[in-house]
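Content type compact mmCIF, C-alpha atoms, from the file data-v8.txt:
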# COMPACT_ATOMS: atom_id res chain seq x y z
CA MET K 37 96.51 96.23 100.81
CA ALA K 38 95.05 94.33 103.75
CA THR K 39 93.36 91.79 101.50
CA LEU K 40 96.44 91.69 99.24
CA MET K 41 98.44 90.43 102.21
CA LEU K 42 95.81 87.76 102.86
CA ALA K 43 95.86 86.80 99.18
CA GLU K 44 99.65 86.53 99.27
CA ALA K 45 99.25 84.05 102.12
CA GLY K 46 96.85 81.91 100.09
CA ALA K 47 93.40 83.30 100.85
CA GLU K 48 90.80 83.41 98.10
CA VAL K 49 89.98 87.12 97.91
CA ILE K 50 86.91 88.25 95.98
CA LYS K 51 86.40 91.94 95.21
CA ILE K 52 82.83 93.16 94.80
CA GLU K 53 82.92 96.01 92.27
CA ARG K 54 80.44 98.44 90.78
CA PRO K 55 79.13 97.74 87.27
CA GLY K 56 80.74 99.76 84.52
CA VAL K 57 83.64 101.39 86.38
CA GLY K 58 84.53 99.03 89.19
CA ASP K 59 87.17 100.10 91.67
CA GLU K 60 88.10 103.72 90.82
CA MET K 61 91.76 102.83 91.16
CA ARG K 62 91.45 100.83 87.93
CA SER K 63 91.56 104.12 86.00
CA TYR K 64 94.31 105.89 87.95
CA PRO K 65 97.41 106.71 85.88
CA PRO K 66 99.92 105.43 85.00
CA SER K 67 98.47 102.40 83.29
CA TRP K 68 99.71 98.82 83.35
CA GLY K 69 98.02 97.12 80.45
CA GLU K 70 94.26 97.24 81.00
CA HIS K 71 94.64 98.41 84.61
CA GLY K 72 96.02 101.35 86.47
CA THR K 73 99.42 100.49 87.91
CA ASN K 74 98.26 101.04 91.50
CA PHE K 75 95.32 98.71 90.97
CA ALA K 76 97.57 96.04 89.45
CA LEU K 77 100.00 96.23 92.39
CA LEU K 78 97.35 96.07 95.10
CA ASN K 79 94.98 93.54 93.55
CA ARG K 80 97.13 90.84 92.05
CA GLY K 81 95.88 87.35 92.77
CA LYS K 82 92.35 88.47 93.65
CA ARG K 83 89.07 87.72 91.87
CA SER K 84 86.47 90.24 90.70
CA VAL K 85 82.68 90.11 90.80
CA VAL K 86 80.56 92.93 89.37
CA LEU K 87 77.42 93.64 91.35
CA ASP K 88 75.21 96.63 92.11
CA LEU K 89 74.90 96.49 95.88
CA LYS K 90 72.02 98.97 95.77
CA ASP K 91 69.91 96.49 93.80
CA PRO K 92 68.08 94.05 96.14
CA VAL K 93 67.87 91.40 93.42
CA ALA K 94 71.60 91.65 92.75
CA ARG K 95 72.34 91.36 96.46
CA GLN K 96 70.42 88.10 96.59
CA ARG K 97 72.85 86.67 94.04
CA LEU K 98 75.65 87.42 96.50
CA LEU K 99 74.17 85.35 99.34
CA PRO K 100 75.92 82.05 98.46
CA LEU K 101 79.31 83.80 98.64
CA LEU K 102 78.43 85.52 101.89
CA LYS K 103 77.29 82.28 103.48
CA ARG K 104 80.62 80.55 102.80
CA ALA K 105 82.95 83.51 103.40
CA THR K 106 85.34 83.35 106.33
CA VAL K 107 86.08 87.09 106.35
CA LEU K 108 84.26 90.14 105.01
CA VAL K 109 86.24 93.39 104.66
CA GLU K 110 84.45 96.67 103.98
CA GLN K 111 85.48 100.32 104.04
CA PHE K 112 82.24 102.29 103.80
CA ARG K 113 81.34 104.93 106.35
CA PRO K 114 79.45 103.53 109.37
CA GLY K 115 75.83 102.71 108.56
CA VAL K 116 76.21 102.24 104.81
CA MET K 117 76.43 98.45 104.94
CA ASP K 118 73.43 98.35 107.29
CA ARG K 119 71.38 100.36 104.79
CA LEU K 120 72.38 97.88 102.09
CA GLY K 121 71.21 94.99 104.25
CA LEU K 122 74.81 93.78 104.56
CA GLY K 123 75.67 94.99 108.07
CA PHE K 124 77.29 92.81 110.72
CA GLU K 125 74.04 91.61 112.32
CA ALA K 126 72.57 90.70 108.94
CA MET K 127 75.72 88.81 107.99
CA ARG K 128 75.89 87.01 111.33
CA ALA K 129 72.33 85.82 110.80
CA ILE K 130 73.29 83.97 107.61
CA ASN K 131 76.92 83.19 108.53
CA PRO K 132 77.24 82.67 112.31
CA GLY K 133 81.04 82.54 112.22
CA ILE K 134 81.74 85.53 109.97
CA ILE K 135 84.74 87.75 110.74
CA TYR K 136 83.47 91.16 109.71
CA CYS K 137 86.23 93.76 109.35
CA SER K 138 85.27 97.43 108.94
CA ILE K 139 88.10 99.84 108.04
CA THR K 140 87.20 103.52 108.42
CA GLY K 141 88.85 106.84 109.09
CA TYR K 142 87.42 107.47 112.57
CA GLY K 143 85.87 104.18 113.64
CA GLN K 144 82.30 102.93 114.08
CA THR K 145 81.52 105.17 117.07
CA GLY K 146 82.22 108.73 118.19
CA PRO K 147 81.26 112.20 116.88
CA HIS K 148 83.54 111.96 113.81
CA ARG K 149 82.44 108.55 112.61
CA HIS K 150 80.64 109.99 109.56
CA VAL K 151 83.22 112.69 108.68
CA ALA K 152 84.98 112.38 105.33
CA GLY K 153 88.75 112.26 105.43
CA HIS K 154 91.99 111.17 103.84
CA ASP K 155 95.38 110.20 105.18
CA LEU K 156 96.48 113.81 105.60
CA ASN K 157 93.42 114.57 107.75
CA TYR K 158 94.01 111.60 110.02
CA ILE K 159 97.68 112.41 110.69
CA ALA K 160 96.73 116.06 111.19
CA GLU K 161 93.96 115.41 113.71
CA THR K 162 95.95 112.93 115.79
CA GLY K 163 98.86 115.32 116.36
CA LEU K 164 101.33 113.33 114.27
CA LEU K 165 101.71 115.94 111.55
CA ALA K 166 102.34 118.74 114.03
CA LEU K 167 105.55 117.09 115.20
CA SER K 168 107.36 117.53 111.89
CA HIS K 169 105.80 119.52 109.06
CA GLY K 170 108.56 121.98 108.18
CA ASN K 171 108.38 125.75 108.40
CA ALA K 172 105.36 127.83 107.47
CA ALA K 173 106.91 128.96 104.18
CA GLN K 174 107.65 125.39 103.04
CA PRO K 175 105.40 122.93 104.87
CA VAL K 176 106.38 119.29 104.26
CA LEU K 177 103.93 116.52 103.40
CA PRO K 178 104.91 113.00 104.53
CA PRO K 179 105.91 110.84 101.55
CA ALA K 180 103.91 107.82 102.76
CA LEU K 181 100.23 107.14 103.39
CA ILE K 182 100.84 106.46 107.06
CA ALA K 183 97.24 106.18 108.24
CA ASP K 184 96.06 104.14 105.26
CA ILE K 185 98.77 101.51 105.55
CA ALA K 186 100.12 101.56 109.12
CA GLY K 187 96.80 102.62 110.67
CA GLY K 188 94.44 100.67 108.42
CA ALA K 189 95.87 97.81 106.38
CA TYR K 190 98.32 96.38 108.90
CA PRO K 191 96.00 96.53 111.94
CA ALA K 192 93.23 94.98 109.83
CA VAL K 193 95.39 91.97 108.98
CA ILE K 194 96.60 91.63 112.58
CA ASN K 195 93.06 91.63 113.94
CA ILE K 196 91.72 89.31 111.25
CA LEU K 197 94.42 86.79 112.13
CA LEU K 198 93.69 87.18 115.85
CA ALA K 199 89.99 86.66 115.12
CA LEU K 200 90.78 83.48 113.18
CA LEU K 201 92.80 82.19 116.13
CA THR K 202 90.09 82.86 118.67
CA GLN K 203 87.36 81.62 116.36
CA ALA K 204 89.02 78.23 116.37
CA LYS K 205 88.13 78.07 120.07
CA ASP K 206 84.57 79.39 120.12
CA GLY K 207 83.42 79.74 116.49
CA ALA K 208 81.80 83.10 117.23
CA ALA K 209 81.33 85.90 114.73
CA ARG K 210 83.26 89.11 115.34
CA HIS K 211 82.98 92.69 114.16
CA LEU K 212 86.42 94.29 113.93
CA ASP K 213 86.38 98.10 114.20
CA ILE K 214 89.58 99.31 112.51
CA SER K 215 89.98 103.08 112.85
CA MET K 216 92.86 104.49 110.83
CA SER K 217 93.12 107.54 113.07
CA ASP K 218 92.98 105.56 116.34
CA ASN K 219 95.83 103.38 115.20
CA LEU K 220 98.22 106.30 114.69
CA PHE K 221 98.69 106.97 118.40
CA PRO K 222 101.14 104.09 118.95
CA PHE K 223 103.50 105.99 116.63
CA LEU K 224 103.38 108.86 119.12
CA TYR K 225 104.32 106.86 122.21
CA TRP K 226 107.44 108.94 122.86
CA ALA K 227 105.64 112.28 122.43
CA MET K 228 102.67 111.20 124.55
CA GLY K 229 104.99 109.97 127.27
CA GLN K 230 106.97 113.19 127.31
CA GLY K 231 103.89 115.39 127.48
CA ALA K 232 102.08 113.29 130.05
CA THR K 233 105.01 113.07 132.46
CA THR K 234 106.69 116.46 132.08
CA GLY K 235 103.91 118.73 130.84
CA GLU K 236 106.22 119.80 128.00
CA TRP K 237 104.74 118.63 124.73
CA PRO K 238 107.09 118.38 121.74
CA GLY K 239 106.56 120.92 118.98
CA ASN K 240 107.32 121.08 115.27
CA GLY K 241 110.82 119.67 114.77
CA THR K 242 111.87 120.12 118.40
CA ALA K 243 112.24 116.50 119.57
CA LEU K 244 115.05 114.00 119.25
CA VAL K 245 113.54 112.07 116.33
CA THR K 246 112.11 115.10 114.52
CA GLY K 247 115.33 117.11 114.07
CA GLY K 248 115.59 118.80 117.44
CA THR K 249 119.21 117.77 117.96
CA ALA K 250 122.38 117.40 115.90
CA ARG K 251 122.20 113.64 116.44
CA TYR K 252 119.12 113.01 114.29
CA ARG K 253 118.98 115.26 111.26
CA LEU K 254 119.29 115.59 107.52
CA TYR K 255 122.42 117.43 106.36
CA PRO K 256 122.90 118.70 102.78
CA THR K 257 126.11 117.76 100.99
CA ALA K 258 128.25 119.87 98.66
CA ASP K 259 126.75 118.36 95.49
CA GLY K 260 123.05 118.63 96.38
CA GLY K 261 122.72 115.28 98.10
CA MET K 262 121.60 114.64 101.66
CA ILE K 263 123.03 112.70 104.57
CA ALA K 264 120.68 111.00 107.03
CA ALA K 265 122.58 111.21 110.32
CA ALA K 266 121.25 109.27 113.33
CA PRO K 267 124.19 108.78 115.72
CA ILE K 268 121.96 109.04 118.79
CA GLU K 269 123.91 106.96 121.31
CA ASP K 270 127.14 108.39 122.69
CA ARG K 271 129.33 105.69 121.15
CA PHE K 272 127.89 106.41 117.69
CA TRP K 273 128.09 110.15 118.29
CA THR K 274 131.81 109.83 119.08
CA LEU K 275 132.42 107.77 115.94
CA PHE K 276 130.43 110.30 113.91
CA CYS K 277 132.34 113.29 115.25
CA ASP K 278 135.64 111.56 114.55
CA ALA K 279 134.56 110.60 111.03
CA ILE K 280 133.59 114.13 110.01
CA GLY K 281 136.43 115.79 111.92
CA LEU K 282 134.16 117.86 114.17
CA GLU K 283 136.07 120.33 116.32
CA ALA K 284 136.24 119.53 120.04
CA ALA K 285 134.40 122.72 120.94
CA PHE K 286 131.19 121.43 119.32
CA ARG K 287 131.20 117.79 120.44
CA ASP K 288 129.24 118.50 123.61
CA ASP K 289 125.97 119.00 121.75
CA ALA K 290 124.08 119.80 124.96
CA ALA K 291 126.18 122.91 125.68
CA ASP K 292 125.06 124.86 122.60
CA PRO K 293 122.81 122.69 120.42
CA ALA K 294 122.38 125.27 117.66
CA ALA K 295 126.13 125.81 117.38
CA THR K 296 126.75 122.05 117.10
CA VAL K 297 124.11 121.70 114.40
CA ALA K 298 125.68 124.54 112.43
CA ALA K 299 129.16 123.10 112.81
CA VAL K 300 128.07 119.63 111.68
CA ALA K 301 126.18 121.11 108.74
CA ALA K 302 129.30 123.01 107.70
CA ARG K 303 131.42 119.87 107.79
CA ILE K 304 128.90 117.77 105.84
CA GLY K 305 128.30 120.58 103.37
CA GLY K 306 131.98 120.74 102.52
CA ARG K 307 132.14 117.39 100.73
CA GLY K 308 130.14 115.45 98.14
CA THR K 309 127.67 112.64 98.73
CA GLU K 310 129.88 109.82 97.46
CA GLU K 311 132.79 110.96 99.60
CA TRP K 312 130.57 110.76 102.65
CA ARG K 313 129.21 107.38 101.58
CA ALA K 314 132.72 105.96 101.73
CA VAL K 315 133.47 107.67 105.06
CA PHE K 316 130.33 106.43 106.79
CA ALA K 317 130.71 102.92 105.37
CA GLN K 318 133.97 102.74 107.31
CA ALA K 319 132.76 104.55 110.43
CA ASP K 320 129.55 102.50 110.85
CA CYS K 321 127.89 105.21 112.93
CA CYS K 322 124.24 105.12 111.78
CA CYS K 323 124.76 107.55 108.91
CA CYS K 324 124.10 107.15 105.19
CA PRO K 325 123.20 109.12 102.07
CA VAL K 326 119.51 109.57 101.28
CA ALA K 327 118.75 107.29 98.32
CA SER K 328 116.18 107.90 95.63
CA LEU K 329 113.56 105.18 95.24
CA GLN K 330 115.20 104.13 91.97
CA GLU K 331 118.55 103.81 93.74
CA ALA K 332 116.96 101.89 96.62
CA MET K 333 115.42 99.36 94.23
CA GLN K 334 118.88 98.78 92.77
CA ASN K 335 120.60 98.47 96.15
CA PRO K 336 122.61 95.20 96.22
CA HIS K 337 121.40 94.47 99.76
CA PHE K 338 117.69 94.59 98.87
CA LEU K 339 118.33 92.72 95.62
CA ALA K 340 120.18 90.00 97.55
CA ARG K 341 117.12 89.58 99.77
CA GLY K 342 114.91 89.13 96.70
CA LEU K 343 112.57 92.02 97.51
CA PHE K 344 111.80 93.09 93.96
CA THR K 345 111.12 89.84 92.19
CA PRO K 346 109.01 90.48 89.06
CA GLY K 347 105.59 89.31 90.08
CA VAL K 348 102.84 91.54 88.71
CA VAL K 349 101.79 90.43 85.25
CA SER K 350 99.86 92.54 82.74
CA ALA K 351 97.43 91.18 80.17
CA GLU K 352 100.23 91.55 77.60
CA GLY K 353 102.54 89.38 79.67
CA ARG K 354 104.82 92.18 80.86
CA ARG K 355 106.12 92.00 84.42
CA MET K 356 106.93 94.51 87.13
CA PRO K 357 108.12 93.99 90.71
CA ALA K 358 105.48 92.92 93.18
CA LEU K 359 105.15 94.80 96.44
CA PRO K 360 107.53 93.33 99.04
CA LEU K 361 104.83 92.74 101.63
CA PRO K 362 105.63 91.86 105.26
CA ILE K 363 104.65 88.22 104.80
CA ASP K 364 107.37 85.69 105.59
CA LEU K 365 108.25 83.38 102.72
CA ALA K 366 107.07 80.43 104.80
CA PHE K 367 103.49 81.72 104.51
CA ARG K 368 103.46 82.88 100.91
CA ASP K 369 101.40 81.25 98.22
CA THR K 370 103.37 81.28 94.96
CA SER K 371 100.89 79.30 92.90
CA GLY K 372 99.11 82.32 91.35
CA ASP K 373 99.89 84.00 88.05
CA GLY K 374 100.43 87.47 89.53
CA GLN K 375 97.68 89.14 87.53
CA ALA K 376 95.07 91.57 88.81
CA PRO K 377 91.54 90.54 87.81
CA GLY K 378 89.69 92.04 84.89
CA LEU K 379 86.52 93.87 85.92
CA GLY K 380 83.89 91.22 86.61
CA ALA K 381 86.13 88.42 85.34
CA ASP K 382 84.79 85.99 87.95
CA THR K 383 81.14 87.06 88.13
CA VAL K 384 79.74 84.14 86.15
CA ALA K 385 82.07 81.57 87.71
CA LEU K 386 81.20 82.62 91.25
CA LEU K 387 77.58 83.75 90.95
CA GLY K 388 76.29 81.82 87.96

Target encoding structure tokens, full file:
Amino acid sequence: MATLMLAEAGAEVIKIERPGVGDEMRSYPPSWGEHGTNFALLNRGKRSVVLDLKDPVARQRLLPLLKRATVLVEQFRPGVMDRLGLGFEAMRAINPGIIYCSITGYGQTGPHRHVAGHDLNYIAETGLLALSHGNAAQPVLPPALIADIAGGAYPAVINILLALLTQAKDGAARHLDISMSDNLFPFLYWAMGQGATTGEWPGNGTALVTGGTARYRLYPTADGGMIAAAPIEDRFWTLFCDAIGLEAAFRDDAADPAATVAAVAARIGGRGTEEWRAVFAQADCCCCPVASLQEAMQNPHFLARGLFTPGVVSAEGRRMPALPLPIDLAFRDTSGDGQAPGLGADTVALLG
């Protein structure tokens, strides 16, 4: 996703893939023409070169590309690129201005640098998961790959752009150490601050933004829907209480928090989702029904902003919406055809 964002902004992005199978994501279901859908979404507009990095002769063929590259992005465990002869020092020797970006789970240093992990491990080890994982009988997995995207892809792009800015001044090479686990701690600023200053560390679902109060919770409706209620500030809380007709005895949510939660749940549970949609549209108190992804992609607001413009093209010419990446339209390159590259499609053109 990091290099997809760069490609969207006009960078020439070249994937180096293994012979025969290439990027494993190519085969992940469901399929989109010759590719897996995930591969097609994340690799549109890129180019593909097939090369066995373990073969010294093959690596020599890569040298012309490495010498002219502005940025190299790799996601092996620390030490792998060095063993292949493609580590930062080796690259700096042939390309003195290279921006070398390494994205790993635990970073280039520290006792865990060689430990295998996935998103779930990173959010578990940094304390993020402990703040809201449901009860023991029904533990809840986050629906997003938080560490991969928010801890890896986004920080990688930020630091690559910062490196490009500073390189314009001194021309020096830089090795960017992007640790997906390190970059999760900014999401915990409120919990870290509370624990560090009061000695009381928030637990599972006990804090303001994890369901610890009536003012920031999910409430089931009468027809199986869900209301996302976030009337945190007093003025929104007053509007919310008026809108649902909450009895005066429960409006002071600090007096008996559990009783207020139960009372609000009873009110919300007494009516259907669409009834509440209309109520909260009028009240404007930071409350709304929980939408399915399909509903969200049909939301008139998001459609009006052009988020889901068909942009990913299959080999058969079919189209599906491109990812609405956080790249302002002023920086987007719309000249490409929206296709993901076939495996090794650019090997001859780029390597001869």

| task | Write out as a PyMOL selection string which residues come within 6 Å of Ile50 of chain K when counting only C-alpha atoms, dropping same-chain ones fewer than 5 positions away. | result | chain K and resi 82-84

| message | Would you pick out the contacts of Arg368 of chain K at 9 Å or less, using all atoms listed in the file, so that residues sharing its chain but fewer than 2 positions from it are not included, and give the list as JSON, numbers by chain? | response | {"K": [43, 44, 45, 46, 363, 364, 365, 366, 370]}

Write the residues of the selection above to a file with C-alpha atoms, as a PDB file, in the coordinates of the input.
ATOM      1  CA  ALA K  43      95.860  86.800  99.180  1.00  0.00           C
ATOM      2  CA  GLU K  44      99.650  86.530  99.270  1.00  0.00           C
ATOM      3  CA  ALA K  45      99.250  84.050 102.120  1.00  0.00           C
ATOM      4  CA  GLY K  46      96.850  81.910 100.090  1.00  0.00           C
ATOM      5  CA  ILE K 363     104.650  88.220 104.800  1.00  0.00           C
ATOM      6  CA  ASP K 364     107.370  85.690 105.590  1.00  0.00           C
ATOM      7  CA  LEU K 365     108.250  83.380 102.720  1.00  0.00           C
ATOM      8  CA  ALA K 366     107.070  80.430 104.800  1.00  0.00           C
ATOM      9  CA  THR K 370     103.370  81.280  94.960  1.00  0.00           C
TER      10      THR K 370
END

Could you name the residues that touch Trp312 of chain K at 9 Å or less, counting all atoms listed in the file, but leaving out those on the same chain fewer than 6 positions away, as a PDB file with C-alpha atoms, in the frame of the given file?
ATOM      1  CA  THR K 257     126.110 117.760 100.990  1.00  0.00           C
ATOM      2  CA  ILE K 263     123.030 112.700 104.570  1.00  0.00           C
ATOM      3  CA  ILE K 280     133.590 114.130 110.010  1.00  0.00           C
ATOM      4  CA  ILE K 304     128.900 117.770 105.840  1.00  0.00           C
ATOM      5  CA  CYS K 324     124.100 107.150 105.190  1.00  0.00           C
ATOM      6  CA  PRO K 325     123.200 109.120 102.070  1.00  0.00           C
TER       7      PRO K 325
END

| task | Please indicate the distance in Å from atom CA of Thr140 of chain K to atom CA of Met216 of chain K, rounded to one decimal place. | result |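 Computed distance, atom CA of Thr140 of chain K to atom CA of Met216 of chain K, equals 6.2 Å.
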
| note | For Asn157 of chain K, the closest of K:Gly247, K:Pro55, K:Gly115, K:Gly141 counting all atoms listed in the file is K:Gly141

| Leaving out Tyr136 of chain K and any residue of its chain fewer than 6 positions from it, which residues lie within 9 Å of it when counting all atoms listed in the file, given as a ChimeraX atom specification? | /K:106-110,123-124,127-128,196,209-213

Would you export the selected residues with C-alpha atoms as an mmCIF file, in the coordinates of the input, please?
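Written output follows (again17.cif):
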data_model
loop_
_atom_site.group_PDB
_atom_site.id
_atom_site.type_symbol
_atom_site.label_atom_id
_atom_site.label_comp_id
_atom_site.auth_asym_id
_atom_site.auth_seq_id
_atom_site.Cartn_x
_atom_site.Cartn_y
_atom_site.Cartn_z
ATOM 1 C CA THR K 106 85.340 83.350 106.330
ATOM 2 C CA VAL K 107 86.080 87.090 106.350
ATOM 3 C CA LEU K 108 84.260 90.140 105.010
ATOM 4 C CA VAL K 109 86.240 93.390 104.660
ATOM 5 C CA GLU K 110 84.450 96.670 103.980
ATOM 6 C CA GLY K 123 75.670 94.990 108.070
ATOM 7 C CA PHE K 124 77.290 92.810 110.720
ATOM 8 C CA MET K 127 75.720 88.810 107.990
ATOM 9 C CA ARG K 128 75.890 87.010 111.330
ATOM 10 C CA ILE K 196 91.720 89.310 111.250
ATOM 11 C CA ALA K 209 81.330 85.900 114.730
ATOM 12 C CA ARG K 210 83.260 89.110 115.340
ATOM 13 C CA HIS K 211 82.980 92.690 114.160
ATOM 14 C CA LEU K 212 86.420 94.290 113.930
ATOM 15 C CA ASP K 213 86.380 98.100 114.200
#

| request: Considering only C-alpha atoms, return as a PyMOL selection string whatever protein or nucleic-acid residues lie within 12 Å of Asp206 of chain K, sequence-local ones (same chain, fewer than 5 positions apart) excluded. | output: chain K and resi 132-133+199-201

Atoms to include: C-alpha atoms. Write the selected residues as a PDB file, in the frame of the given file.
ATOM      1  CA  PRO K 132      77.240  82.670 112.310  1.00  0.00           C
ATOM      2  CA  GLY K 133      81.040  82.540 112.220  1.00  0.00           C
ATOM      3  CA  ALA K 199      89.990  86.660 115.120  1.00  0.00           C
ATOM      4  CA  LEU K 200      90.780  83.480 113.180  1.00  0.00           C
ATOM      5  CA  LEU K 201      92.800  82.190 116.130  1.00  0.00           C
TER       6      LEU K 201
END

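Distance-wise, atom CA of Asp369 of chain K and atom CA of Pro357 of chain K end up 16.2 Å apart.
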
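Distances to Gln144 of chain K were evaluated for K:Gly188, K:Pro336, K:Pro114, K:Pro360 using only C-alpha atoms, and the minimum falls at K:Pro114.
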
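As for atom CA of Asn171 of chain K and atom CA of Pro267 of chain K, they are spaced 24.3 Å apart.
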
Since the input lacks some atoms of segment 178-191 of chain K, please model N, CA and C atoms and print them as an mmCIF file, keeping the file's coordinate frame.
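As a result, rebuild02.cif now contains:
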data_model
loop_
_atom_site.group_PDB
_atom_site.id
_atom_site.type_symbol
_atom_site.label_atom_id
_atom_site.label_comp_id
_atom_site.auth_asym_id
_atom_site.auth_seq_id
_atom_site.Cartn_x
_atom_site.Cartn_y
_atom_site.Cartn_z
ATOM 1 N N PRO K 178 104.244 114.305 104.420
ATOM 2 C CA PRO K 178 104.910 113.000 104.530
ATOM 3 C C PRO K 178 104.831 112.262 103.189
ATOM 4 N N PRO K 179 105.882 111.524 102.837
ATOM 5 C CA PRO K 179 105.910 110.840 101.550
ATOM 6 C C PRO K 179 105.162 109.514 101.541
ATOM 7 N N ALA K 180 104.610 109.103 102.679
ATOM 8 C CA ALA K 180 103.910 107.820 102.760
ATOM 9 C C ALA K 180 102.509 108.011 103.289
ATOM 10 N N LEU K 181 101.597 107.121 102.877
ATOM 11 C CA LEU K 181 100.230 107.140 103.390
ATOM 12 C C LEU K 181 100.216 106.381 104.718
ATOM 13 N N ILE K 182 100.607 107.087 105.770
ATOM 14 C CA ILE K 182 100.840 106.460 107.060
ATOM 15 C C ILE K 182 99.561 105.870 107.643
ATOM 16 N N ALA K 183 98.490 106.660 107.642
ATOM 17 C CA ALA K 183 97.240 106.180 108.240
ATOM 18 C C ALA K 183 96.637 105.050 107.417
ATOM 19 N N ASP K 184 96.646 105.170 106.113
ATOM 20 C CA ASP K 184 96.060 104.140 105.260
ATOM 21 C C ASP K 184 96.720 102.780 105.486
ATOM 22 N N ILE K 185 98.040 102.779 105.496
ATOM 23 C CA ILE K 185 98.770 101.510 105.550
ATOM 24 C C ILE K 185 99.034 101.073 106.990
ATOM 25 N N ALA K 186 99.733 101.937 107.749
ATOM 26 C CA ALA K 186 100.120 101.560 109.120
ATOM 27 C C ALA K 186 98.946 101.636 110.085
ATOM 28 N N GLY K 187 97.956 102.494 109.800
ATOM 29 C CA GLY K 187 96.800 102.620 110.670
ATOM 30 C C GLY K 187 95.600 101.809 110.221
ATOM 31 N N GLY K 188 95.587 101.400 108.952
ATOM 32 C CA GLY K 188 94.440 100.670 108.420
ATOM 33 C C GLY K 188 94.763 99.258 107.986
ATOM 34 N N ALA K 189 95.616 99.127 106.959
ATOM 35 C CA ALA K 189 95.870 97.810 106.380
ATOM 36 C C ALA K 189 96.523 96.849 107.366
ATOM 37 N N TYR K 190 97.607 97.283 108.004
ATOM 38 C CA TYR K 190 98.320 96.380 108.900
ATOM 39 C C TYR K 190 97.471 95.985 110.116
ATOM 40 N N PRO K 191 96.856 96.939 110.825
ATOM 41 C CA PRO K 191 96.000 96.530 111.940
ATOM 42 C C PRO K 191 94.837 95.621 111.509
#
